[in-house]
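What follows is the content of work05.txt (compact mmCIF, C-alpha atoms).
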```txt
# COMPACT_ATOMS: atom_id res chain seq x y z
CA MET A 1 103.58 117.54 129.06
CA LEU A 2 105.94 114.60 129.69
CA ASP A 3 106.40 114.21 125.91
CA ALA A 4 107.16 117.92 125.51
CA VAL A 5 109.86 117.78 128.19
CA GLN A 6 111.40 114.69 126.59
CA ALA A 7 111.33 116.44 123.18
CA TYR A 8 113.02 119.48 124.76
CA PHE A 9 116.00 117.36 125.84
CA ASP A 10 116.12 115.37 122.60
CA ARG A 11 115.97 118.46 120.37
CA PHE A 12 118.47 120.44 122.45
CA ASN A 13 120.98 117.60 122.29
CA ALA A 14 120.36 117.31 118.52
CA LYS A 15 121.11 121.08 118.23
CA ASP A 16 117.60 121.52 116.76
CA ALA A 17 116.85 125.11 117.85
CA GLN A 18 113.82 125.35 115.54
CA GLY A 19 112.42 122.15 116.99
CA ILE A 20 112.75 123.59 120.50
CA ALA A 21 111.08 126.85 119.44
CA ASP A 22 108.20 124.79 118.02
CA LEU A 23 107.43 123.55 121.55
CA TYR A 24 106.55 127.14 122.52
CA ALA A 25 103.37 129.18 121.97
CA GLU A 26 103.69 132.29 119.77
CA ASP A 27 103.65 134.72 122.70
CA ALA A 28 105.64 132.56 125.11
CA THR A 29 108.23 133.87 127.53
CA VAL A 30 111.59 132.37 128.53
CA GLU A 31 113.12 133.68 131.77
CA ASP A 32 116.56 132.09 132.06
CA PRO A 33 117.54 132.47 134.81
CA TYR A 34 114.58 133.70 136.88
CA GLY A 35 115.07 137.34 137.82
CA THR A 36 116.49 138.38 134.44
CA GLU A 37 114.62 139.99 131.56
CA ALA A 38 112.47 137.41 129.78
CA LYS A 39 112.79 136.61 126.10
CA LYS A 40 109.31 137.22 124.63
CA GLY A 41 107.84 135.66 121.52
CA LYS A 42 108.97 132.89 119.20
CA THR A 43 111.52 135.00 117.25
CA ALA A 44 113.40 135.94 120.41
CA ILE A 45 113.09 132.38 121.73
CA LEU A 46 114.47 130.87 118.51
CA GLU A 47 117.38 133.29 118.63
CA PHE A 48 118.07 132.36 122.26
CA TYR A 49 118.12 128.61 121.54
CA THR A 50 120.11 129.05 118.33
CA GLY A 51 122.84 130.56 120.50
CA ALA A 52 122.39 127.98 123.22
CA VAL A 53 122.76 124.91 120.99
CA LYS A 54 125.79 126.52 119.30
CA SER A 55 127.54 126.52 122.69
CA GLY A 56 128.09 122.79 122.28
CA SER A 57 126.27 121.98 125.50
CA THR A 58 124.58 118.70 126.34
CA LEU A 59 121.65 118.42 128.75
CA VAL A 60 121.30 115.37 131.00
CA GLN A 61 118.11 115.08 133.04
CA ASN A 62 118.37 114.35 136.78
CA GLY A 63 115.42 112.26 137.90
CA PRO A 64 111.87 112.19 136.57
CA THR A 65 109.82 115.12 135.34
CA ARG A 66 107.36 116.37 137.95
CA ILE A 67 103.87 117.43 136.82
CA ALA A 68 101.34 119.62 138.65
CA GLY A 69 98.30 121.26 137.10
CA ASN A 70 99.40 122.81 133.80
CA ARG A 71 103.06 122.89 134.75
CA ALA A 72 106.05 120.58 134.53
CA ALA A 73 109.24 120.88 136.59
CA PHE A 74 112.47 119.06 135.85
CA ALA A 75 116.09 119.03 137.01
CA PHE A 76 119.09 118.61 134.76
CA THR A 77 122.80 119.26 134.37
CA VAL A 78 124.24 121.22 131.46
CA PHE A 79 127.57 119.82 130.31
CA VAL A 80 129.45 122.57 128.48
CA GLY A 81 132.26 121.09 126.46
CA GLY A 82 133.85 124.29 125.18
CA LEU A 83 132.17 127.34 123.73
CA THR A 84 131.96 128.05 120.01
CA GLN A 85 131.52 131.45 118.42
CA GLU A 86 130.42 132.16 114.88
CA SER A 87 132.95 134.33 113.07
CA LYS A 88 132.63 135.30 109.40
CA GLY A 89 130.37 132.33 108.86
CA VAL A 90 132.83 129.86 110.31
CA ASP A 91 132.34 128.25 113.70
CA VAL A 92 135.53 128.93 115.62
CA ASP A 93 136.13 126.71 118.59
CA MET A 94 136.77 128.80 121.70
CA PRO A 95 138.03 126.38 124.33
CA MET A 96 136.84 127.63 127.73
CA GLY A 97 137.37 124.43 129.69
CA LYS A 98 134.59 122.06 130.61
CA MET A 99 131.82 123.31 132.87
CA GLU A 100 128.78 121.77 134.50
CA ILE A 101 125.71 123.78 135.47
CA ASP A 102 122.88 122.37 137.60
CA VAL A 103 119.50 123.77 136.58
CA ILE A 104 115.81 123.27 137.38
CA ASP A 105 113.29 124.47 134.76
CA THR A 106 109.54 124.85 134.94
CA PHE A 107 107.27 124.86 131.88
CA GLU A 108 103.74 126.25 131.92
CA PHE A 109 101.44 124.86 129.19
CA ASN A 110 98.34 126.13 127.42
CA ASP A 111 95.39 123.96 126.35
CA GLU A 112 97.10 123.21 123.02
CA GLY A 113 100.04 121.64 124.83
CA LYS A 114 102.41 124.47 123.91
CA VAL A 115 104.77 126.00 126.47
CA THR A 116 103.69 129.54 127.37
CA ALA A 117 106.31 130.26 130.03
CA MET A 118 109.66 128.72 130.83
CA THR A 119 111.46 129.68 134.03
CA ALA A 120 115.00 128.48 134.73
CA TYR A 121 116.59 128.32 138.18
CA TRP A 122 120.39 128.46 138.38
CA ASP A 123 123.00 130.87 139.66
CA PRO A 124 126.46 131.09 138.08
CA SER A 125 128.12 131.60 141.48
CA ILE A 126 126.40 128.58 143.06
CA ASN A 127 125.33 126.10 140.38
CA LEU A 128 128.25 126.30 137.92
CA ARG A 129 131.50 124.44 138.38
CA GLN A 130 134.57 123.65 136.34
CA ALA A 131 134.49 119.96 135.45
CA MET B 1 118.54 130.59 150.89
CA LEU B 2 120.74 127.48 150.74
CA ASP B 3 120.70 127.33 154.55
CA ALA B 4 116.90 127.62 154.63
CA VAL B 5 116.49 124.73 152.21
CA GLN B 6 118.90 122.60 154.23
CA ALA B 7 116.97 123.48 157.42
CA TYR B 8 113.73 122.52 155.68
CA PHE B 9 115.01 118.99 155.05
CA ASP B 10 116.63 118.66 158.48
CA ARG B 11 113.55 119.86 160.36
CA PHE B 12 111.12 117.78 158.30
CA ASN B 13 113.13 114.65 158.94
CA ALA B 14 113.29 115.54 162.67
CA LYS B 15 109.45 115.88 162.63
CA ASP B 16 109.88 119.50 163.75
CA ALA B 17 106.75 121.08 162.25
CA GLN B 18 107.17 124.28 164.28
CA GLY B 19 110.74 124.60 163.06
CA ILE B 20 109.54 124.31 159.47
CA ALA B 21 106.80 126.90 160.04
CA ASP B 22 109.46 129.26 161.44
CA LEU B 23 111.13 129.29 158.01
CA TYR B 24 108.02 131.01 156.61
CA ALA B 25 106.89 134.66 156.70
CA GLU B 26 103.66 135.42 158.59
CA ASP B 27 101.57 135.81 155.42
CA ALA B 28 103.27 133.08 153.40
CA THR B 29 101.48 130.68 151.06
CA VAL B 30 102.06 126.96 150.50
CA GLU B 31 100.64 125.53 147.27
CA ASP B 32 101.23 121.77 147.42
CA PRO B 33 100.80 120.65 144.73
CA TYR B 34 100.61 123.60 142.33
CA GLY B 35 97.05 124.02 141.05
CA THR B 36 95.41 123.26 144.40
CA GLU B 37 94.16 125.80 146.94
CA ALA B 38 97.07 127.36 148.81
CA LYS B 39 97.48 127.20 152.57
CA LYS B 40 97.75 130.85 153.69
CA GLY B 41 99.40 132.17 156.84
CA LYS B 42 101.57 130.58 159.52
CA THR B 43 98.71 128.89 161.41
CA ALA B 44 97.52 127.02 158.32
CA ILE B 45 101.11 126.24 157.37
CA LEU B 46 101.94 124.85 160.82
CA GLU B 47 98.81 122.69 160.69
CA PHE B 48 99.81 121.40 157.24
CA TYR B 49 103.32 120.42 158.33
CA THR B 50 102.09 118.96 161.63
CA GLY B 51 100.06 116.51 159.54
CA ALA B 52 102.87 115.98 157.06
CA VAL B 53 105.51 115.03 159.62
CA LYS B 54 103.00 112.72 161.36
CA SER B 55 102.79 110.70 158.13
CA GLY B 56 106.17 109.22 158.96
CA SER B 57 107.71 110.43 155.71
CA THR B 58 111.38 111.07 155.09
CA LEU B 59 112.65 113.57 152.50
CA VAL B 60 115.84 112.83 150.56
CA GLN B 61 117.15 115.60 148.32
CA ASN B 62 118.06 114.77 144.70
CA GLY B 63 120.99 116.92 143.57
CA PRO B 64 121.94 120.43 144.63
CA THR B 65 119.60 123.33 145.39
CA ARG B 66 119.29 125.73 142.48
CA ILE B 67 119.16 129.48 143.21
CA ALA B 68 117.90 132.31 140.98
CA GLY B 69 117.06 135.82 142.11
CA ASN B 70 115.01 135.53 145.32
CA ARG B 71 113.99 131.94 144.65
CA ALA B 72 115.36 128.48 145.34
CA ALA B 73 114.33 125.29 143.51
CA PHE B 74 115.15 121.78 144.69
CA ALA B 75 114.25 118.19 143.81
CA PHE B 76 113.66 115.44 146.33
CA THR B 77 111.97 112.11 146.95
CA VAL B 78 109.45 111.55 149.74
CA PHE B 79 109.78 108.09 151.28
CA VAL B 80 106.48 107.23 152.95
CA GLY B 81 106.94 104.33 155.32
CA GLY B 82 103.31 103.79 156.31
CA LEU B 83 100.73 106.36 157.30
CA THR B 84 99.73 107.09 160.86
CA GLN B 85 96.47 108.61 162.01
CA GLU B 86 95.75 110.20 165.36
CA SER B 87 92.78 108.52 167.06
CA LYS B 88 91.56 109.42 170.54
CA GLY B 89 94.99 110.83 171.33
CA VAL B 90 96.78 107.65 170.36
CA ASP B 91 98.80 107.35 167.17
CA VAL B 92 97.47 104.31 165.37
CA ASP B 93 99.71 102.85 162.73
CA MET B 94 97.83 102.54 159.43
CA PRO B 95 100.04 100.43 157.21
CA MET B 96 99.51 101.55 153.62
CA GLY B 97 102.60 100.00 152.12
CA LYS B 98 105.70 101.96 151.27
CA MET B 99 105.45 104.71 148.69
CA GLU B 100 107.90 107.04 147.01
CA ILE B 101 106.91 110.42 145.60
CA ASP B 102 109.21 112.54 143.42
CA VAL B 103 108.73 116.26 144.01
CA ILE B 104 110.29 119.57 143.00
CA ASP B 105 109.65 122.57 145.27
CA THR B 106 110.33 126.25 144.76
CA PHE B 107 110.72 128.74 147.63
CA GLU B 108 110.38 132.49 147.17
CA PHE B 109 112.13 134.60 149.83
CA ASN B 110 111.65 138.10 151.22
CA ASP B 111 114.45 140.43 152.28
CA GLU B 112 114.44 138.94 155.79
CA GLY B 113 115.26 135.51 154.38
CA LYS B 114 111.81 134.10 155.19
CA VAL B 115 109.90 131.99 152.68
CA THR B 116 106.88 133.90 151.33
CA ALA B 117 105.67 131.31 148.82
CA MET B 118 106.26 127.59 148.45
CA THR B 119 105.10 125.79 145.32
CA ALA B 120 105.33 122.01 145.03
CA TYR B 121 105.32 120.09 141.74
CA TRP B 122 104.14 116.48 141.81
CA ASP B 123 101.19 114.48 140.51
CA PRO B 124 99.91 111.40 142.32
CA SER B 125 99.24 109.60 139.01
CA ILE B 126 102.72 110.27 137.63
CA ASN B 127 105.17 110.90 140.46
CA LEU B 128 103.97 108.42 143.10
CA ARG B 129 104.91 104.76 143.09
CA GLN B 130 104.65 101.81 145.43
CA ALA B 131 108.11 101.01 146.70
```
Spit out the file's structure as structure tokens when you get a sec.
Amino acid sequence: MLDAVQAYFDRFNAKDAQGIADLYAEDATVEDPYGTEAKKGKTAILEFYTGAVKSGSTLVQNGPTRIAGNRAAFAFTVFVGGLTQESKGVDVDMPMGKMEIDVIDTFEFNDEGKVTAMTAYWDPSINLRQA
Amino acid sequence: MLDAVQAYFDRFNAKDAQGIADLYAEDATVEDPYGTEAKKGKTAILEFYTGAVKSGSTLVQNGPTRIAGNRAAFAFTVFVGGLTQESKGVDVDMPMGKMEIDVIDTFEFNDEGKVTAMTAYWDPSINLRQA
């Protein structure tokens, strides 16, 4: 579980959306943030992370990963350096100013060590700030 | 929800177990750590925190509280300065050495702003260290 969390950060920061999706089970769910409709299944999850890594964000972990039972919990800050948007096959830089978002995620794992459920905790009105 | 989390830290560090219990709904559950049997109801919760504050621990939050929907998530470190044990009505100091435990908790709230479910993430073999 600790290795999977480390791989999550490494692959996100390497913009490796497929590598992130590979950490998930086939029927996994991603609820980001908690309270919104979950992305279900690897295709939807890959699409979600493909968009996320395109945003040009970097994740920096805050403190150690916590483990309990078949779950991991970890805190991090998302550093958004300016959004990009694909347009006619060309990545167009859309400067939006720098933002920082404080997030805590939990992963639930199955016996094969794959993530079956990710839940993210952050609120744009509370945990997002202009940097 | 932010105020409740702040009160949780303030009251724990003031050894105010009743004050902590008052943050919970009557039928709330406390699962600490996740994967163990939950304490259910205010009486069990008050008993749990009465023991916890007697341990002489101090909680120091790591980074801001994250909010999502009706839940809050927050990271902290427990500084255990030496355990105490009640014996024939006298608190006997049981020096166990100093320990630090890294924890992430989630609170789920009802419409009255009371905590209905607390889940703690930490593993004694991973998140506990001698200080």
Can you pull out the residues contacting B:Gln6? Cut-off 12 Å, using only C-alpha atoms, and skip same-chain residues under 3 positions away; I want them as an mmCIF file with C-alpha atoms, keeping the file's coordinate frame.
```
data_model
loop_
_atom_site.group_PDB
_atom_site.id
_atom_site.type_symbol
_atom_site.label_atom_id
_atom_site.label_comp_id
_atom_site.auth_asym_id
_atom_site.auth_seq_id
_atom_site.Cartn_x
_atom_site.Cartn_y
_atom_site.Cartn_z
ATOM 1 C CA MET B 1 118.540 130.590 150.890
ATOM 2 C CA LEU B 2 120.740 127.480 150.740
ATOM 3 C CA ASP B 3 120.700 127.330 154.550
ATOM 4 C CA PHE B 9 115.010 118.990 155.050
ATOM 5 C CA ASP B 10 116.630 118.660 158.480
ATOM 6 C CA ARG B 11 113.550 119.860 160.360
ATOM 7 C CA PHE B 12 111.120 117.780 158.300
ATOM 8 C CA ASN B 13 113.130 114.650 158.940
ATOM 9 C CA ILE B 20 109.540 124.310 159.470
ATOM 10 C CA LEU B 23 111.130 129.290 158.010
ATOM 11 C CA LEU B 59 112.650 113.570 152.500
ATOM 12 C CA VAL B 60 115.840 112.830 150.560
ATOM 13 C CA GLN B 61 117.150 115.600 148.320
ATOM 14 C CA PRO B 64 121.940 120.430 144.630
ATOM 15 C CA THR B 65 119.600 123.330 145.390
ATOM 16 C CA ALA B 72 115.360 128.480 145.340
ATOM 17 C CA ALA B 73 114.330 125.290 143.510
ATOM 18 C CA PHE B 74 115.150 121.780 144.690
ATOM 19 C CA PHE B 76 113.660 115.440 146.330
#
```
Polymer residues at most 8 Å from A:Gly69, all atoms listed in the file, same-chain spacing of 2 or more positions, as an NGL selection string | (:A and (67 or 71)) or (:B and (34-35))
Test item: which residues lie within 12 Å of (106.8, 107.5, 137.9) counting all atoms listed in the file, as a ChimeraX atom specification = /A:2,63-67 /B:77,99-103,122-131
Nearby residues, (102.5, 119.2, 160.2) file frame, 10 Å, all atoms listed in the file, as a list in words =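 With a cut-off of 10 Å, the residues come to Phe12, Lys15, Asp16, Ala17, Gln18, Ile20, Ala21, Ala44, Ile45, Leu46, Glu47, Phe48, Tyr49, Thr50, Gly51, Ala52, Val53, Lys54 and Ser55 of chain B.
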Gap from atom CA of B:Asn70 to atom CA of A:Gly41 - Å, one decimal =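 So the answer is 24.9 Å.
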Of the candidates B:Thr29, B:Asn110, B:Thr36, B:Thr116, which one gets nearest to chain A if we count all atoms listed in the file?
-> B:Thr36
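Across the structure, atom CA of B:Ala75 and atom CA of A:Tyr121 are spaced 11.8 Å apart.
The interatomic distance for the pair atom CA of A:Ala14 and atom CA of A:Val78 works out to 14.1 Å.
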Looking at B:Lys42, B:Ile104, B:Gly56, B:Ala4, which one is nearest to B:Val30, with distances taken over all atoms listed in the file?
-> B:Lys42
Which is closest to chain A among B:Gly19, B:Pro33, B:Gly81, B:Gly97, if we use only C-alpha atoms?
->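 Between B:Gly19, B:Pro33, B:Gly81, B:Gly97, the residue approaching chain A most closely is B:Pro33.
Proximity to B:Thr43 was assessed for B:Asp27, B:Phe109, B:Val80, B:Ser57 counting all atoms listed in the file; the smallest distance is recorded for B:Asp27.
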B:Asp32, B:Lys98, B:Phe79, B:Ala68: which is nearest B:Thr119, counting only C-alpha atoms?
->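 Of B:Asp32, B:Lys98, B:Phe79, B:Ala68, the one nearest B:Thr119 is B:Asp32, counting only C-alpha atoms.
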